[in-house]
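With mmCIF, C-alpha atoms inside, this is work.cif:
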data_target
loop_
_atom_site.label_atom_id
_atom_site.label_comp_id
_atom_site.auth_asym_id
_atom_site.auth_seq_id
_atom_site.Cartn_x
_atom_site.Cartn_y
_atom_site.Cartn_z
CA MET A 1 -23.28 91.36 36.64
CA SER A 2 -19.55 90.82 36.78
CA ASP A 3 -18.30 90.37 33.21
CA ILE A 4 -20.77 90.33 30.39
CA ARG A 5 -18.02 89.60 27.84
CA ALA A 6 -17.14 86.32 29.42
CA GLU A 7 -20.81 85.42 29.59
CA ILE A 8 -21.45 86.29 25.95
CA ALA A 9 -18.29 84.55 24.87
CA GLN A 10 -19.49 81.39 26.61
CA GLN A 11 -22.93 81.61 25.05
CA THR A 12 -22.08 82.59 21.52
CA GLN A 13 -18.63 81.33 20.63
CA PRO A 14 -19.60 77.79 19.65
CA ALA A 15 -22.39 79.03 17.36
CA GLU A 16 -20.49 81.97 15.79
CA ALA A 17 -18.77 80.73 12.70
CA GLY A 18 -16.18 82.76 10.84
CA PHE A 19 -16.17 83.09 7.05
CA GLY A 20 -13.46 80.43 6.88
CA ASP A 21 -15.77 77.89 8.53
CA TYR A 22 -18.27 78.29 5.70
CA VAL A 23 -15.45 77.90 3.19
CA LEU A 24 -14.41 74.66 4.95
CA LEU A 25 -17.98 73.45 4.54
CA LEU A 26 -17.36 73.42 0.76
CA LYS A 27 -14.41 70.97 1.11
CA PRO A 28 -11.77 73.22 -0.51
CA ARG A 29 -9.26 70.38 -0.96
CA VAL A 30 -11.73 68.28 -2.94
CA MET A 31 -12.72 71.46 -4.76
CA SER A 32 -9.13 72.06 -5.88
CA LEU A 33 -9.02 68.59 -7.48
CA VAL A 34 -12.38 69.29 -9.15
CA VAL A 35 -11.13 72.63 -10.49
CA PHE A 36 -7.95 71.06 -11.86
CA THR A 37 -9.61 68.09 -13.60
CA ALA A 38 -12.49 70.21 -14.96
CA LEU A 39 -10.01 72.79 -16.26
CA VAL A 40 -8.00 70.08 -18.02
CA GLY A 41 -11.20 68.65 -19.52
CA LEU A 42 -12.07 72.11 -20.80
CA LEU A 43 -8.61 72.99 -22.13
CA VAL A 44 -7.91 69.73 -23.96
CA ALA A 45 -11.28 69.79 -25.73
CA PRO A 46 -11.37 70.96 -29.35
CA GLY A 47 -12.78 74.41 -29.98
CA ALA A 48 -12.01 77.79 -28.48
CA LEU A 49 -13.90 79.38 -25.61
CA HIS A 50 -13.73 83.00 -24.46
CA PRO A 51 -11.40 83.12 -21.39
CA VAL A 52 -14.09 84.79 -19.25
CA GLU A 53 -16.63 82.11 -20.22
CA ALA A 54 -14.07 79.42 -19.36
CA LEU A 55 -13.31 81.09 -16.01
CA ALA A 56 -17.00 81.43 -15.18
CA ALA A 57 -17.64 77.79 -16.09
CA ILE A 58 -14.80 76.58 -13.84
CA VAL A 59 -16.00 78.79 -10.97
CA PHE A 60 -19.55 77.42 -11.23
CA ILE A 61 -18.35 73.80 -11.49
CA ALA A 62 -16.25 74.40 -8.34
CA LEU A 63 -19.25 75.99 -6.62
CA GLY A 64 -21.37 72.95 -7.51
CA ALA A 65 -18.72 70.65 -6.03
CA GLY A 66 -18.68 72.84 -2.91
CA ALA A 67 -22.46 72.63 -2.66
CA ALA A 68 -22.28 68.84 -2.79
CA GLY A 69 -19.62 68.96 -0.05
CA ALA A 70 -21.86 71.11 2.19
CA LEU A 71 -24.79 68.71 1.70
CA ASN A 72 -22.47 65.81 2.53
CA MET A 73 -21.35 67.52 5.75
CA TRP A 74 -24.98 68.26 6.70
CA TRP A 75 -26.06 64.64 6.30
CA ASP A 76 -22.90 63.00 7.68
CA ALA A 77 -22.46 65.17 10.80
CA ASP A 78 -23.24 62.21 13.07
CA ILE A 79 -20.54 59.97 11.65
CA ASP A 80 -18.08 62.83 11.10
CA ARG A 81 -18.29 63.50 14.85
CA GLN A 82 -17.03 59.98 15.57
CA MET A 83 -14.09 59.98 13.16
CA ARG A 84 -10.75 61.58 14.06
CA ARG A 85 -10.19 62.66 10.45
CA THR A 86 -13.50 64.56 10.24
CA ALA A 87 -14.36 65.54 13.85
CA ARG A 88 -13.07 69.08 13.34
CA ARG A 89 -15.34 69.81 10.39
CA PRO A 90 -17.57 72.87 11.00
CA VAL A 91 -20.83 70.98 11.64
CA PRO A 92 -19.57 68.29 14.07
CA ALA A 93 -17.38 70.94 15.76
CA GLY A 94 -20.54 72.97 16.46
CA LEU A 95 -19.39 76.03 14.51
CA VAL A 96 -22.03 75.82 11.79
CA ALA A 97 -25.60 74.66 12.45
CA PRO A 98 -26.74 71.67 10.34
CA GLY A 99 -29.59 73.77 8.92
CA GLU A 100 -27.10 76.38 7.72
CA ALA A 101 -25.05 73.71 5.95
CA LEU A 102 -28.20 72.39 4.27
CA ALA A 103 -29.30 75.88 3.20
CA LEU A 104 -25.85 76.72 1.85
CA GLY A 105 -25.67 73.40 -0.01
CA LEU A 106 -29.10 73.78 -1.60
CA GLY A 107 -28.61 77.46 -2.40
CA LEU A 108 -25.21 76.97 -4.02
CA SER A 109 -26.53 73.94 -5.96
CA LEU A 110 -29.26 76.03 -7.56
CA ILE A 111 -26.96 78.99 -8.27
CA SER A 112 -24.13 76.89 -9.71
CA VAL A 113 -26.36 74.81 -12.01
CA ALA A 114 -28.38 77.79 -13.27
CA MET A 115 -25.26 79.91 -13.81
CA LEU A 116 -23.36 77.12 -15.59
CA GLY A 117 -26.35 76.69 -17.91
CA LEU A 118 -26.30 80.40 -18.72
CA ALA A 119 -22.51 80.69 -18.94
CA ALA A 120 -21.87 77.53 -20.97
CA ASN A 121 -24.67 75.18 -22.03
CA TRP A 122 -27.51 73.21 -20.46
CA LEU A 123 -25.96 69.78 -21.07
CA ALA A 124 -23.01 70.81 -18.86
CA ALA A 125 -25.45 72.24 -16.29
CA GLY A 126 -27.48 69.01 -16.35
CA LEU A 127 -24.34 66.95 -15.77
CA LEU A 128 -23.39 69.22 -12.85
CA ALA A 129 -26.88 68.84 -11.35
CA PHE A 130 -26.63 65.04 -11.72
CA THR A 131 -23.16 65.07 -10.11
CA ILE A 132 -24.46 67.00 -7.08
CA PHE A 133 -27.46 64.65 -6.82
CA PHE A 134 -25.24 61.57 -7.19
CA TYR A 135 -22.78 62.69 -4.50
CA ALA A 136 -25.31 64.08 -2.01
CA VAL A 137 -28.15 61.58 -2.42
CA VAL A 138 -26.87 58.37 -4.07
CA TYR A 139 -23.47 58.26 -2.36
CA THR A 140 -23.88 60.20 0.92
CA MET A 141 -27.46 59.30 1.87
CA TRP A 142 -27.62 55.80 0.47
CA LEU A 143 -24.44 53.94 -0.55
CA LYS A 144 -22.03 55.18 2.12
CA ARG A 145 -23.92 53.53 4.97
CA ALA A 146 -25.33 50.62 2.99
CA THR A 147 -22.60 48.72 1.14
CA PRO A 148 -18.83 48.15 1.04
CA GLN A 149 -19.09 49.03 -2.66
CA ASN A 150 -19.90 52.62 -1.55
CA ILE A 151 -16.78 54.24 -2.93
CA VAL A 152 -16.73 52.08 -6.07
CA ILE A 153 -20.11 53.36 -7.26
CA GLY A 154 -19.86 56.70 -5.45
CA GLY A 155 -16.57 57.36 -7.22
CA ALA A 156 -18.60 58.38 -10.26
CA ALA A 157 -19.39 61.70 -8.56
CA GLY A 158 -15.72 62.66 -8.46
CA ALA A 159 -15.22 61.48 -12.04
CA PHE A 160 -17.68 63.85 -13.69
CA PRO A 161 -15.76 67.21 -13.51
CA PRO A 162 -13.43 66.64 -16.52
CA MET A 163 -16.43 65.43 -18.51
CA ILE A 164 -18.34 68.59 -17.57
CA GLY A 165 -15.30 70.68 -18.57
CA TRP A 166 -15.24 68.90 -21.95
CA VAL A 167 -18.99 69.46 -22.46
CA VAL A 168 -18.60 73.16 -21.59
CA ALA A 169 -16.15 73.52 -24.50
CA THR A 170 -17.75 71.21 -27.06
CA GLY A 171 -21.43 70.88 -26.15
CA HIS A 172 -21.33 67.09 -26.38
CA VAL A 173 -19.82 64.04 -24.63
CA GLY A 174 -16.96 62.48 -26.61
CA ILE A 175 -14.95 59.29 -26.13
CA GLU A 176 -12.14 61.39 -24.62
CA ALA A 177 -14.51 62.72 -21.95
CA VAL A 178 -15.67 59.19 -21.20
CA LEU A 179 -12.06 57.99 -20.81
CA MET A 180 -11.17 60.88 -18.47
CA PHE A 181 -14.27 59.95 -16.45
CA ALA A 182 -13.22 56.27 -16.44
CA LEU A 183 -9.69 57.17 -15.32
CA ILE A 184 -10.94 58.89 -12.13
CA PHE A 185 -13.71 56.31 -11.62
CA MET A 186 -11.23 53.39 -11.65
CA TRP A 187 -8.65 55.32 -9.62
CA THR A 188 -11.06 56.10 -6.75
CA PRO A 189 -11.32 52.59 -5.17
CA PRO A 190 -7.56 51.94 -4.71
CA HIS A 191 -7.13 55.54 -3.49
CA PHE A 192 -9.82 55.30 -0.79
CA TRP A 193 -9.12 51.70 0.17
CA ALA A 194 -5.48 52.65 0.83
CA LEU A 195 -6.82 55.36 3.16
CA ALA A 196 -9.20 52.88 4.80
CA LEU A 197 -6.31 50.47 5.45
CA PHE A 198 -4.65 52.91 7.86
CA MET A 199 -7.81 54.72 9.05
CA ASN A 200 -9.85 51.57 9.68
CA ASP A 201 -10.47 52.41 13.36
CA ASP A 202 -12.31 55.58 12.33
CA TYR A 203 -14.63 53.74 9.96
CA THR A 204 -15.23 50.94 12.49
CA ARG A 205 -16.12 53.44 15.23
CA ALA A 206 -18.50 55.30 12.92
CA ARG A 207 -19.95 51.99 11.59
CA VAL A 208 -19.29 52.96 7.99
CA PRO A 209 -19.27 49.69 6.01
CA MET A 210 -15.96 50.24 4.25
CA LEU A 211 -14.44 47.12 2.73
CA THR A 212 -11.82 47.04 5.50
CA VAL A 213 -14.63 46.93 8.11
CA THR A 214 -16.92 44.38 6.43
CA HIS A 215 -14.37 42.04 4.80
CA GLY A 216 -11.11 42.87 6.57
CA ARG A 217 -7.81 44.28 5.43
CA ARG A 218 -6.64 41.10 3.63
CA VAL A 219 -9.57 41.20 1.20
CA THR A 220 -9.13 44.98 0.80
CA ARG A 221 -5.48 44.51 -0.19
CA ALA A 222 -6.58 42.02 -2.86
CA HIS A 223 -9.18 44.47 -4.13
CA VAL A 224 -6.56 47.24 -4.32
CA ILE A 225 -4.33 45.19 -6.64
CA VAL A 226 -7.27 44.07 -8.83
CA TYR A 227 -8.57 47.62 -9.31
CA THR A 228 -5.07 49.00 -9.85
CA LEU A 229 -4.47 46.45 -12.62
CA ALA A 230 -7.87 47.25 -14.14
CA LEU A 231 -6.93 50.93 -14.09
CA VAL A 232 -3.85 50.41 -16.31
CA PRO A 233 -5.64 49.79 -19.66
CA VAL A 234 -7.97 52.72 -18.99
CA ALA A 235 -5.04 55.06 -18.31
CA LEU A 236 -3.07 53.88 -21.34
CA GLY A 237 -6.17 53.72 -23.57
CA ALA A 238 -6.80 57.42 -23.01
CA GLY A 239 -3.35 58.03 -24.51
CA LEU A 240 -4.47 56.56 -27.85
CA THR A 241 -7.24 59.11 -28.35
CA SER A 242 -6.97 62.72 -29.57
CA ILE A 243 -6.10 64.01 -26.08
CA GLY A 244 -3.14 61.61 -25.72
CA GLY A 245 0.21 61.26 -27.44
CA PRO A 246 3.82 60.25 -26.77
CA VAL A 247 4.26 62.62 -23.81
CA TYR A 248 1.11 61.35 -22.10
CA LEU A 249 1.93 57.70 -22.84
CA ALA A 250 5.44 58.05 -21.39
CA VAL A 251 4.09 59.68 -18.22
CA ALA A 252 1.24 57.15 -17.94
CA LEU A 253 3.61 54.19 -18.37
CA ALA A 254 5.91 55.43 -15.61
CA LEU A 255 3.08 56.32 -13.20
CA ASN A 256 1.24 53.04 -13.77
CA ALA A 257 4.40 51.00 -13.27
CA VAL A 258 5.01 52.66 -9.88
CA PHE A 259 1.31 52.42 -8.92
CA VAL A 260 1.11 48.69 -9.74
CA ALA A 261 4.38 48.08 -7.87
CA GLY A 262 2.91 49.89 -4.85
CA ALA A 263 -0.32 47.87 -5.01
CA LEU A 264 1.71 44.64 -5.25
CA ARG A 265 3.67 45.70 -2.16
CA LEU A 266 0.43 46.28 -0.25
CA TRP A 267 -0.93 42.91 -1.37
CA ARG A 268 2.18 41.05 -0.15
CA ARG A 269 2.17 42.71 3.27
CA ASP A 270 0.37 41.21 6.24
CA GLU A 271 -1.07 43.08 9.20
CA ALA A 272 1.89 42.36 11.46
CA GLN A 273 4.24 44.05 8.99
CA ALA A 274 1.86 46.98 8.52
CA GLU A 275 1.42 47.47 12.26
CA ALA A 276 5.19 47.29 12.76
CA ASP A 277 5.90 50.28 10.52
CA ARG A 278 2.58 52.03 11.23
CA TYR A 279 1.18 51.47 7.74
CA ARG A 280 4.04 53.30 6.06
CA ALA A 281 3.60 51.58 2.68
CA GLU A 282 -0.17 52.16 2.75
CA LYS A 283 0.32 55.86 3.52
CA ARG A 284 2.90 56.18 0.75
CA PHE A 285 0.58 54.43 -1.71
CA PHE A 286 -2.22 56.82 -0.75
CA THR A 287 0.02 59.88 -1.23
CA PHE A 288 1.32 58.55 -4.53
CA SER A 289 -2.25 57.98 -5.74
CA LEU A 290 -2.75 61.76 -5.61
CA LEU A 291 0.40 62.31 -7.64
CA TYR A 292 -0.78 59.57 -10.04
CA LEU A 293 -4.01 61.40 -10.86
CA PHE A 294 -2.35 64.81 -11.00
CA GLY A 295 0.37 63.43 -13.30
CA HIS A 296 -2.10 61.97 -15.80
CA PHE A 297 -4.14 65.17 -16.06
CA ALA A 298 -1.00 67.32 -16.23
CA ALA A 299 0.15 65.09 -19.12
CA PHE A 300 -3.21 65.60 -20.90
CA LEU A 301 -2.64 69.30 -20.52
CA ALA A 302 0.94 69.03 -21.81
CA GLU A 303 -0.35 67.22 -24.91
CA ALA A 304 -2.63 70.17 -25.64
CA THR A 305 0.29 72.63 -25.83
CA PRO A 306 1.94 73.66 -29.15
CA TRP A 307 5.24 72.09 -27.99
CA ALA A 308 3.61 68.66 -27.78
CA ALA A 309 2.16 69.16 -31.27
CA ALA A 310 5.65 69.94 -32.58
CA PHE A 311 6.97 66.85 -30.79
CA ARG A 312 4.23 64.70 -32.37
CA ALA A 313 5.11 66.13 -35.79
CA GLN A 314 8.65 64.69 -35.40
CA PHE A 315 7.15 61.21 -35.04
CA THR A 316 5.06 61.75 -38.17
CA PHE A 317 8.14 63.00 -40.04
CA TRP A 318 10.03 59.79 -39.22
CA GLY A 319 7.03 57.72 -40.26
CA LEU A 320 6.20 56.53 -36.73
CA MET B 1 -19.62 96.61 31.88
CA ALA B 2 -20.25 97.58 28.27
CA LEU B 3 -19.54 95.18 25.48
CA ALA B 4 -16.20 96.29 24.05
CA ARG B 5 -16.20 97.06 20.32
CA ASP B 6 -13.08 95.01 19.73
CA HIS B 7 -14.55 91.85 21.20
CA GLU B 8 -13.60 88.64 19.42
CA LEU B 9 -17.24 88.28 18.44
CA HIS B 10 -17.11 91.54 16.50
CA ARG B 11 -13.92 90.60 14.71
CA ARG B 12 -15.44 87.31 13.67
CA ARG B 13 -18.59 88.99 12.40
CA LEU B 14 -16.57 91.65 10.58
CA GLY B 15 -14.55 88.92 8.89
CA ARG B 16 -17.73 87.12 7.90
CA ASN B 17 -19.37 90.27 6.55
CA LEU B 18 -16.22 91.19 4.61
CA GLY B 19 -16.04 87.67 3.19
CA VAL B 20 -19.67 87.73 2.07
CA GLY B 21 -19.23 91.25 0.66
CA LEU B 22 -16.13 90.37 -1.34
CA THR B 23 -17.77 87.16 -2.59
CA LEU B 24 -20.76 89.14 -3.85
CA VAL B 25 -18.50 91.73 -5.52
CA ALA B 26 -16.54 88.91 -7.21
CA PHE B 27 -19.82 87.30 -8.35
CA ILE B 28 -21.08 90.59 -9.80
CA ALA B 29 -17.75 91.17 -11.57
CA LEU B 30 -17.87 87.65 -13.01
CA VAL B 31 -21.44 88.01 -14.28
CA PHE B 32 -20.59 91.44 -15.73
CA GLY B 33 -17.50 90.04 -17.46
CA LEU B 34 -19.53 87.10 -18.73
CA THR B 35 -22.17 89.44 -20.16
CA ILE B 36 -19.53 91.48 -21.96
CA ALA B 37 -17.90 88.31 -23.30
CA LYS B 38 -21.24 86.96 -24.56
CA ILE B 39 -22.18 90.24 -26.20
CA SER B 40 -18.72 90.65 -27.78
CA GLY B 41 -18.92 87.13 -29.19
CA GLY B 42 -22.48 87.74 -30.29
CA GLY B 43 -22.91 84.03 -30.97
CA MET B 44 -26.35 83.23 -29.68
CA ILE B 45 -27.64 86.76 -29.41
CA GLN B 46 -29.79 87.89 -32.31
CA ALA B 47 -32.65 90.27 -31.67
CA PHE B 48 -35.12 92.22 -33.73
CA ASP B 49 -33.93 95.81 -33.74
CA HIS B 50 -36.82 97.59 -35.54
CA THR B 51 -34.92 97.42 -38.80
CA TYR B 52 -35.92 95.11 -41.62
CA ARG B 53 -33.33 92.36 -41.90
CA PRO B 54 -33.94 90.00 -44.82
CA ALA B 55 -31.84 87.33 -43.15
CA LEU B 56 -34.48 87.03 -40.40
CA ASP B 57 -37.49 87.04 -42.73
CA PRO B 58 -38.94 83.51 -42.96
CA ALA B 59 -40.50 84.23 -46.37
CA VAL B 60 -37.15 85.30 -47.85
CA ASN B 61 -35.39 82.35 -46.29
CA ARG B 62 -38.05 79.93 -47.57
CA ASN B 63 -37.48 81.18 -51.12
CA LEU B 64 -33.72 80.81 -50.69
CA GLY B 65 -34.12 77.38 -49.03
CA VAL B 66 -32.33 78.54 -45.86
CA ASN B 67 -33.31 77.75 -42.25
CA PRO B 68 -32.55 80.91 -40.17
CA GLY B 69 -32.76 78.92 -36.91
CA ARG B 70 -29.64 77.05 -37.90
CA GLY B 71 -27.81 80.21 -38.81
CA GLU B 72 -27.27 79.12 -42.38
#
Give the structure from this file in structure tokens form.
Amino acid sequence: MSDIRAEIAQQTQPAEAGFGDYVLLLKPRVMSLVVFTALVGLLVAPGALHPVEALAAIVFIALGAGAAGALNMWWDADIDRQMRRTARRPVPAGLVAPGEALALGLGLSLISVAMLGLAANWLAAGLLAFTIFFYAVVYTMWLKRATPQNIVIGGAAGAFPPMIGWVVATGHVGIEAVLMFALIFMWTPPHFWALALFMNDDYTRARVPMLTVTHGRRVTRAHVIVYTLALVPVALGAGLTSIGGPVYLAVALALNAVFVAGALRLWRRDEAQAEADRYRAEKRFFTFSLLYLFGHFAAFLAEATPWAAAFRAQFTFWGL
Amino acid sequence: MALARDHELHRRRLGRNLGVGLTLVAFIALVFGLTIAKISGGGMIQAFDHTYRPALDPAVNRNLGVNPGRGE
């Protein structure tokens, strides 16, 4: 026996995951977006909530989103292995066994839903349970591999967090919660189709029927502009409800103008132009789409501050 | 050759155990804080405490036309 360490290292290293690998299984980047939008939904809602209750609710919503991410990674390990963007995820990389991902996903789903029900209310917990089911079963197991409309319908899963945040604070679903849901729902297709435009090889290799794979990039560009235009009234409409106001409307106008201009640019470009600059405009549109969503929810939050209320009072004073 | 205690495998396991431990401590702290917050608020918590409380007596409430379940 020459060196047992080398032998053990060879045998065990691929199967020995660190704590960070389990954290990666919960898709922390998606989780951060979920935390932010759910927190905004909770803070802009009428009614006060104890800070600890609010913190607990946000933690359990984030945990639910993480559980859905783990279930997604368990089911999609085969296609993740074939895509450059996802090949390093813990399951395809061989760091976490698929069974472990499944167990973690199911365990965290149960804990997060039960704890949200106890911490906040059972309507919020029910919505969280439906969100996990929708993402893991409807989107991941069914739509993703079945139709180019996968991210259009599947986008609903990502749209629920602000609605859940609202329900945590109020106990019911209001028009404002529906509009925040609609904002993310309508934003999802142009966001993911922009990604698919410059990551099409990945989706083709993995045989995921993204619109770029089934109908080509030309059709996808047309879809991006249509959905971006359809997003505008939703974004501005939210500004006319109790969670909106002049600050939100100003931000929304500016962000939508830039977003529509970006979509128009994508629509006018052909593949030769895109190949020539390595999909620069598509990548910029994708990056801006993140800022677009963040900007709208930050503006909702700004409208909920006392300064925005004082600003609104000036408009009332001048009879506007 | 004995397996050295500072093998990479041990460090990884230590990190994992610490991570799980800290997560559990954070979870316990959160549930404890939540319990305190719920009790301090007292909103939904209303128990019989071996003392006669007219507000919880259905007969008294019926005479007053009040539904105690709704907290009126």
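We find CA of Val35 in chain A and CA of Leu55 in chain A to be spaced 10.3 Å apart.
In terms of minimum interatomic distance to Trp193 in chain A, A:Val224 ranks closest within A:Ala129, A:Val224, A:Ile61, A:Ala77, counting all atoms listed in the file.
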For this session: Determine the residue membership of the PyMOL selection byres ((chain B and resi 30) around 12) for the file above and supply it as a VMD selection string.
Result: (chain A and resid 51 to 60 115 119) or (chain B and resid 23 to 29 31 to 37)
Give me, as a Markdown table, the closest atom pair and its distance (Å, one decimal) for every residue of chain B within a cut-off of 9 Å of chain A, counting all atoms listed in the file, rows sorted by chain and rising number.
| residue | atom | partner | partner_atom | distance |
| --- | --- | --- | --- | --- |
| B:Met1 | CA | A:Asp3 | CA | 6.5 |
| B:Ala2 | CA | A:Ile4 | CA | 7.6 |
| B:Leu3 | CA | A:Arg5 | CA | 6.2 |
| B:Ala4 | CA | A:Arg5 | CA | 7.9 |
| B:His7 | CA | A:Arg5 | CA | 7.8 |
| B:Glu8 | CA | A:Ala9 | CA | 8.3 |
| B:Leu9 | CA | A:Gln13 | CA | 7.4 |
| B:Arg12 | CA | A:Gly18 | CA | 5.4 |
| B:Arg13 | CA | A:Gly18 | CA | 6.9 |
| B:Leu14 | CA | A:Gly18 | CA | 8.9 |
| B:Gly15 | CA | A:Phe19 | CA | 6.3 |
| B:Arg16 | CA | A:Phe19 | CA | 4.4 |
| B:Asn17 | CA | A:Phe19 | CA | 7.9 |
| B:Leu18 | CA | A:Phe19 | CA | 8.5 |
| B:Gly19 | CA | A:Phe19 | CA | 6.0 |
| B:Val20 | CA | A:Phe19 | CA | 7.7 |
| B:Leu30 | CA | A:Ala56 | CA | 6.6 |
| B:Val31 | CA | A:Ala56 | CA | 8.0 |
| B:Gly33 | CA | A:Val52 | CA | 6.5 |
| B:Leu34 | CA | A:Val52 | CA | 5.9 |
| B:Thr35 | CA | A:Ala119 | CA | 8.8 |
| B:Ala37 | CA | A:Val52 | CA | 6.6 |
| B:Lys38 | CA | A:Glu53 | CA | 8.0 |
| B:Gly41 | CA | A:His50 | CA | 8.1 |
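Taking CA of His223 in chain A as the reference point, CA of Trp267 in chain A is found at 8.8 Å.
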Exercise. Counting all atoms listed in the file, which of A:Ala67, A:Val247, A:Ile175, A:Leu143 gets nearest to Arg312 in chain A?
Worked result: A:Val247
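Here CA of His296 in chain A is placed at a distance of 19.4 Å from CA of Ala194 in chain A.
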